[in-house]
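Beneath this line is the structure, given in structure tokens, with notes to follow.
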Amino acid sequence: SQQGEEDPQALSIQEGENATMNCSYKTSINNLQWYRQNSGRGLVHLILIRSNEREKHSGRLRVTLDTSKKSSSLLITASRAADTASYFCATGTGSNTGKLIFGQGTTLQVKP
Amino acid sequence: KAGVTQTPRYLIKTRGQQVTLSCSPISGHRSVSWYQQTPGQGLQFLFEYFSETQRNKGNFPGRFSGRQFSNSRSEMNVSTLELGDSALYLCASSSGRWENTEAFFGQGTRLTVV
């Protein structure tokens, strides 16, 4: 079963614009991770944010986490055509398990 | 450091057959998890192995099984294949410190059942 939902399901923007994707989840979490997937290939790990963190940055990526609202957002600034991919959030819920629960993903298209 | 290696990358099998997929985790990682990805169901957790023991299992029928060896390499097996088993199977490797651990994925094995 899926942990939550991602919004929007699809997003199309021009190069140079910012892209924001949102993720909601249902249960309490230890951490939340964002992944990128290109054309049905493997998942590339982007960033992990712990449940006691509110914001994290990595290059052009900014992730926020609001545990009171059970939601997270991923912001990609100054997007590039190479950012075209599907983006997934995944929550780690257990203290003794590596199991991740994934959202349905957001498909991002960045037009050159 | 080498990444997560999955073999084979592609497989075509006939209904009723069985299949074995392999995953070699990042060196030093002791946890391997398996996921199934389909257009309809998205990414679904199959099972997780840590130190050769199954730690967690998803909601899949008993036809799906796995194991982990002493070198942390893992295999998953699907018996009596059905058309609906066609999917991208991904394995993830992590160190085992669950609270703050990142999971790194392989390129996946695309299984087509005909």
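By convention here, the chains of the structure tokens are called A, B, ... in the order presented, each chain's residues are numbered starting at 1, and ligands are numbered starting at 1 in the order presented.
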
Using only C-alpha atoms, I'd like a table of the residues in chain B that come within 8 Å of chain A; for each, show the closest atom pair and its distance in Å rounded to one decimal, ordered by chain and ascending number, as a tab-separated table.
```
residue	atom	partner	partner_atom	distance
B:Ser31	CA	A:Gly98	CA	7.3
B:Ser33	CA	A:Lys99	CA	7.1
B:Gly42	CA	A:Gln104	CA	5.9
B:Leu43	CA	A:Phe102	CA	6.1
B:Gln44	CA	A:Ser1	CA	6.9
B:Phe45	CA	A:Lys99	CA	7.1
B:Phe47	CA	A:Lys99	CA	7.9
B:Glu48	CA	A:Lys99	CA	6.9
B:Arg55	CA	A:Thr97	CA	6.9
B:Asn56	CA	A:Thr97	CA	7.1
B:Leu88	CA	A:Gly40	CA	7.7
B:Leu90	CA	A:Gly42	CA	7.0
B:Ser94	CA	A:Gly98	CA	7.4
B:Gly96	CA	A:Gly98	CA	6.9
B:Trp98	CA	A:Gly98	CA	5.6
B:Glu99	CA	A:Asn30	CA	5.6
B:Asn100	CA	A:Arg50	CA	6.7
B:Thr101	CA	A:Gly98	CA	7.9
B:Glu102	CA	A:Leu48	CA	6.7
B:Ala103	CA	A:His45	CA	7.3
B:Phe104	CA	A:His45	CA	6.3
B:Phe105	CA	A:Leu43	CA	5.6
B:Gly106	CA	A:Gly42	CA	5.6
B:Gln107	CA	A:Gly42	CA	3.9
B:Gly108	CA	A:Gly42	CA	5.6
```

Output N, CA and C atoms of each residue in that selection to a file, as a tab-separated table (two decimals), in the first residue's frame.
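Produced file again.tsv, reproduced below:
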```
chain	number	residue	atom	x	y	z
B	31	SER	N	21.97	-4.54	4.71
B	31	SER	CA	20.53	-4.63	4.46
B	31	SER	C	20.24	-4.58	2.97
B	33	SER	N	16.77	-4.63	0.47
B	33	SER	CA	15.31	-4.66	0.34
B	33	SER	C	14.95	-4.81	-1.12
B	42	GLY	N	2.49	1.21	-8.61
B	42	GLY	CA	3.64	1.99	-8.17
B	42	GLY	C	4.71	1.12	-7.56
B	43	LEU	N	5.45	1.70	-6.61
B	43	LEU	CA	6.55	1.01	-5.95
B	43	LEU	C	6.03	0.34	-4.69
B	44	GLN	N	6.14	-0.98	-4.66
B	44	GLN	CA	5.64	-1.74	-3.52
B	44	GLN	C	6.76	-2.57	-2.91
B	45	PHE	N	6.81	-2.55	-1.60
B	45	PHE	CA	7.82	-3.26	-0.83
B	45	PHE	C	7.53	-4.76	-0.84
B	47	PHE	N	10.22	-7.40	0.39
B	47	PHE	CA	10.81	-7.89	1.64
B	47	PHE	C	12.17	-7.27	1.85
B	48	GLU	N	12.66	-7.46	3.08
B	48	GLU	CA	13.93	-6.90	3.47
B	48	GLU	C	14.74	-7.98	4.18
B	55	ARG	N	13.74	-9.51	7.68
B	55	ARG	CA	13.33	-8.62	8.76
B	55	ARG	C	11.91	-8.11	8.59
B	56	ASN	N	11.47	-8.07	7.34
B	56	ASN	CA	10.18	-7.47	7.06
B	56	ASN	C	9.65	-8.04	5.75
B	88	LEU	N	9.16	-3.93	-13.02
B	88	LEU	CA	10.56	-3.60	-12.76
B	88	LEU	C	10.82	-3.96	-11.30
B	90	LEU	N	13.30	-3.80	-8.20
B	90	LEU	CA	14.41	-2.98	-7.72
B	90	LEU	C	14.88	-3.47	-6.37
B	94	SER	N	21.28	-0.67	2.09
B	94	SER	CA	21.50	0.35	3.11
B	94	SER	C	22.37	-0.23	4.21
B	96	GLY	N	22.00	-0.12	7.52
B	96	GLY	CA	21.34	-0.80	8.62
B	96	GLY	C	21.07	0.07	9.81
B	98	TRP	N	18.82	2.32	10.82
B	98	TRP	CA	17.55	2.63	10.18
B	98	TRP	C	17.10	4.06	10.31
B	99	GLU	N	17.32	4.67	11.44
B	99	GLU	CA	16.73	6.00	11.65
B	99	GLU	C	17.22	7.01	10.66
B	100	ASN	N	18.47	6.93	10.28
B	100	ASN	CA	19.00	7.97	9.41
B	100	ASN	C	19.68	7.40	8.18
B	101	THR	N	19.26	6.22	7.80
B	101	THR	CA	19.99	5.59	6.72
B	101	THR	C	19.39	5.92	5.37
B	102	GLU	N	20.26	6.12	4.42
B	102	GLU	CA	19.84	6.30	3.05
B	102	GLU	C	19.82	4.94	2.37
B	103	ALA	N	18.87	4.76	1.50
B	103	ALA	CA	18.79	3.52	0.73
B	103	ALA	C	19.18	3.82	-0.71
B	104	PHE	N	20.08	3.02	-1.23
B	104	PHE	CA	20.57	3.21	-2.60
B	104	PHE	C	20.08	2.05	-3.47
B	105	PHE	N	19.57	2.42	-4.62
B	105	PHE	CA	18.93	1.43	-5.48
B	105	PHE	C	19.81	1.03	-6.65
B	106	GLY	N	19.59	-0.19	-7.10
B	106	GLY	CA	20.19	-0.66	-8.33
B	106	GLY	C	19.38	-0.21	-9.53
B	107	GLN	N	19.84	-0.59	-10.73
B	107	GLN	CA	19.16	-0.19	-11.96
B	107	GLN	C	17.90	-1.00	-12.23
B	108	GLY	N	17.75	-2.09	-11.48
B	108	GLY	CA	16.53	-2.87	-11.62
B	108	GLY	C	16.65	-4.00	-12.63
```

Need to verify the contact set: range 73-76 of chain A, 7 Å, only C-alpha atoms, exclusion of same-chain residues closer than 6 positions in sequence. Can you return it as a PDB file with N, CA, C and O atoms, in the first residue's frame?
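Printed below is part-v4.pdb as written:
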```pdb
ATOM      1  N   ASN A  18      11.392  27.293 -11.488  1.00  0.00           N
ATOM      2  CA  ASN A  18      11.449  26.426 -10.316  1.00  0.00           C
ATOM      3  C   ASN A  18      10.330  25.397 -10.371  1.00  0.00           C
ATOM      4  O   ASN A  18       9.245  25.660 -10.892  1.00  0.00           O
ATOM      5  N   ALA A  19      10.603  24.222  -9.812  1.00  0.00           N
ATOM      6  CA  ALA A  19       9.591  23.157  -9.754  1.00  0.00           C
ATOM      7  C   ALA A  19       9.379  22.767  -8.307  1.00  0.00           C
ATOM      8  O   ALA A  19      10.344  22.531  -7.573  1.00  0.00           O
ATOM      9  N   THR A  20       8.122  22.714  -7.909  1.00  0.00           N
ATOM     10  CA  THR A  20       7.799  22.312  -6.541  1.00  0.00           C
ATOM     11  C   THR A  20       6.889  21.090  -6.561  1.00  0.00           C
ATOM     12  O   THR A  20       5.875  21.071  -7.266  1.00  0.00           O
ATOM     13  N   MET A  21       7.279  20.095  -5.800  1.00  0.00           N
ATOM     14  CA  MET A  21       6.489  18.871  -5.686  1.00  0.00           C
ATOM     15  C   MET A  21       6.173  18.639  -4.220  1.00  0.00           C
ATOM     16  O   MET A  21       7.017  18.879  -3.360  1.00  0.00           O
ATOM     17  N   ASN A  22       4.973  18.166  -3.962  1.00  0.00           N
ATOM     18  CA  ASN A  22       4.534  17.948  -2.589  1.00  0.00           C
ATOM     19  C   ASN A  22       4.243  16.483  -2.331  1.00  0.00           C
ATOM     20  O   ASN A  22       3.839  15.745  -3.233  1.00  0.00           O
ATOM     21  N   CYS A  23       4.441  16.087  -1.099  1.00  0.00           N
ATOM     22  CA  CYS A  23       4.246  14.701  -0.707  1.00  0.00           C
ATOM     23  C   CYS A  23       3.535  14.681   0.634  1.00  0.00           C
ATOM     24  O   CYS A  23       3.936  15.416   1.559  1.00  0.00           O
ATOM     25  N   ARG A  60      20.796  22.480  -5.926  1.00  0.00           N
ATOM     26  CA  ARG A  60      19.585  23.184  -6.350  1.00  0.00           C
ATOM     27  C   ARG A  60      18.319  22.632  -5.711  1.00  0.00           C
ATOM     28  O   ARG A  60      17.207  23.025  -6.050  1.00  0.00           O
ATOM     29  N   LEU A  61      18.476  21.699  -4.806  1.00  0.00           N
ATOM     30  CA  LEU A  61      17.330  21.069  -4.153  1.00  0.00           C
ATOM     31  C   LEU A  61      17.108  21.649  -2.763  1.00  0.00           C
ATOM     32  O   LEU A  61      18.051  21.879  -2.011  1.00  0.00           O
ATOM     33  N   ARG A  62      15.827  21.864  -2.470  1.00  0.00           N
ATOM     34  CA  ARG A  62      15.449  22.282  -1.118  1.00  0.00           C
ATOM     35  C   ARG A  62      14.260  21.436  -0.691  1.00  0.00           C
ATOM     36  O   ARG A  62      13.256  21.368  -1.401  1.00  0.00           O
ATOM     37  N   VAL A  63      14.408  20.786   0.429  1.00  0.00           N
ATOM     38  CA  VAL A  63      13.340  19.931   0.942  1.00  0.00           C
ATOM     39  C   VAL A  63      12.860  20.492   2.272  1.00  0.00           C
ATOM     40  O   VAL A  63      13.663  20.891   3.113  1.00  0.00           O
ATOM     41  N   THR A  64      11.560  20.518   2.450  1.00  0.00           N
ATOM     42  CA  THR A  64      10.983  20.896   3.732  1.00  0.00           C
ATOM     43  C   THR A  64      10.151  19.741   4.260  1.00  0.00           C
ATOM     44  O   THR A  64       9.658  18.909   3.494  1.00  0.00           O
ATOM     45  N   LEU A  65      10.015  19.697   5.541  1.00  0.00           N
ATOM     46  CA  LEU A  65       9.232  18.663   6.198  1.00  0.00           C
ATOM     47  C   LEU A  65       8.394  19.292   7.293  1.00  0.00           C
ATOM     48  O   LEU A  65       8.913  20.025   8.137  1.00  0.00           O
TER      49      LEU A  65
END
```

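Closest approach to Ile13 in chain A from the set A:Lys26, A:Lys111, A:Arg36, A:His57 is made by A:Lys111, with distances taken over only C-alpha atoms.
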
- [ ] Among the residues of chain A, find those DSSP assigns to strand (DSSP E or B) from the backbone and print them as a ChimeraX atom specification.
- [x] /A:5-7,10-14,19-24,31-37,43-50,55-58,61-66,71-76,85-92,100-102,106-111

Task: Close residues, Ile12 in chain B itself excluded, 6 Å, only C-alpha atoms, min 3 positions apart in chain, as a list in words - done: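 Non-adjacent residues within range: Leu111, Thr112 and Val113 of chain B.
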
For the residues in the current selection, export N, CA, C and O atoms as a PDB file, in the first residue's frame.
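The result, written out as selection.pdb:
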```pdb
ATOM      1  N   LEU B 111      11.306  -7.540 -15.709  1.00  0.00           N
ATOM      2  CA  LEU B 111      10.786  -8.870 -15.986  1.00  0.00           C
ATOM      3  C   LEU B 111       9.517  -8.761 -16.830  1.00  0.00           C
ATOM      4  O   LEU B 111       8.591  -8.034 -16.461  1.00  0.00           O
ATOM      5  N   THR B 112       9.501  -9.476 -17.916  1.00  0.00           N
ATOM      6  CA  THR B 112       8.308  -9.551 -18.759  1.00  0.00           C
ATOM      7  C   THR B 112       7.850 -11.000 -18.781  1.00  0.00           C
ATOM      8  O   THR B 112       8.639 -11.902 -19.112  1.00  0.00           O
ATOM      9  N   VAL B 113       6.607 -11.207 -18.426  1.00  0.00           N
ATOM     10  CA  VAL B 113       6.023 -12.557 -18.432  1.00  0.00           C
ATOM     11  C   VAL B 113       5.049 -12.633 -19.601  1.00  0.00           C
ATOM     12  O   VAL B 113       4.137 -11.798 -19.717  1.00  0.00           O
TER      13      VAL B 113
END
```

Task: Near-Glu82 in chain B list (9 Å; only C-alpha atoms; drop same-chain fewer than 6 positions) as a VMD selection string - done: chain B and resid 14 to 17 113 to 114

Please dump the current selection as a short mmCIF file (atom, residue, chain, number, x, y, z; two decimals), in the first residue's frame; keep all heavy atoms.
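Everything below was put into selection07.cif:
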```cif
data_model
loop_
_atom_site.label_atom_id
_atom_site.label_comp_id
_atom_site.auth_asym_id
_atom_site.auth_seq_id
_atom_site.Cartn_x
_atom_site.Cartn_y
_atom_site.Cartn_z
N THR B 14 8.01 -17.22 -19.48
CA THR B 14 6.67 -17.69 -19.84
C THR B 14 5.88 -17.96 -18.57
O THR B 14 6.45 -18.35 -17.54
CB THR B 14 6.78 -18.97 -20.69
OG1 THR B 14 7.62 -18.72 -21.81
CG2 THR B 14 5.43 -19.45 -21.15
N ARG B 15 4.59 -17.74 -18.65
CA ARG B 15 3.70 -18.05 -17.52
C ARG B 15 3.97 -19.45 -17.00
O ARG B 15 4.14 -20.40 -17.76
CB ARG B 15 2.25 -17.98 -17.96
CG ARG B 15 1.62 -16.63 -17.81
CD ARG B 15 0.18 -16.65 -18.26
NE ARG B 15 0.02 -17.10 -19.62
CZ ARG B 15 -1.15 -17.30 -20.19
NH1 ARG B 15 -2.27 -17.13 -19.51
NH2 ARG B 15 -1.23 -17.71 -21.44
N GLY B 16 4.00 -19.57 -15.69
CA GLY B 16 4.22 -20.87 -15.07
C GLY B 16 5.67 -21.16 -14.74
O GLY B 16 5.96 -22.02 -13.90
N GLN B 17 6.58 -20.45 -15.39
CA GLN B 17 8.00 -20.65 -15.09
C GLN B 17 8.36 -19.97 -13.78
O GLN B 17 7.55 -19.27 -13.17
CB GLN B 17 8.87 -20.09 -16.22
CG GLN B 17 8.85 -20.89 -17.51
CD GLN B 17 9.84 -20.35 -18.52
OE1 GLN B 17 9.93 -19.14 -18.75
NE2 GLN B 17 10.60 -21.24 -19.14
N VAL B 113 6.61 -11.21 -18.43
CA VAL B 113 6.02 -12.56 -18.43
C VAL B 113 5.05 -12.63 -19.60
O VAL B 113 4.14 -11.80 -19.72
CB VAL B 113 5.30 -12.87 -17.12
CG1 VAL B 113 4.75 -14.29 -17.14
CG2 VAL B 113 6.25 -12.69 -15.94
N VAL B 114 5.26 -13.61 -20.47
CA VAL B 114 4.42 -13.73 -21.68
C VAL B 114 3.64 -15.05 -21.66
O VAL B 114 3.96 -15.96 -20.90
CB VAL B 114 5.25 -13.63 -22.96
CG1 VAL B 114 5.92 -12.27 -23.05
CG2 VAL B 114 6.29 -14.76 -23.00
#
```

- [ ] Give the answer as one residue: which of A:Ser39, A:Ser28, A:Ser86, A:Thr107 has the shortest atom-to-atom distance to Ser68 in chain A, using only C-alpha atoms?
- [x] A:Ser28
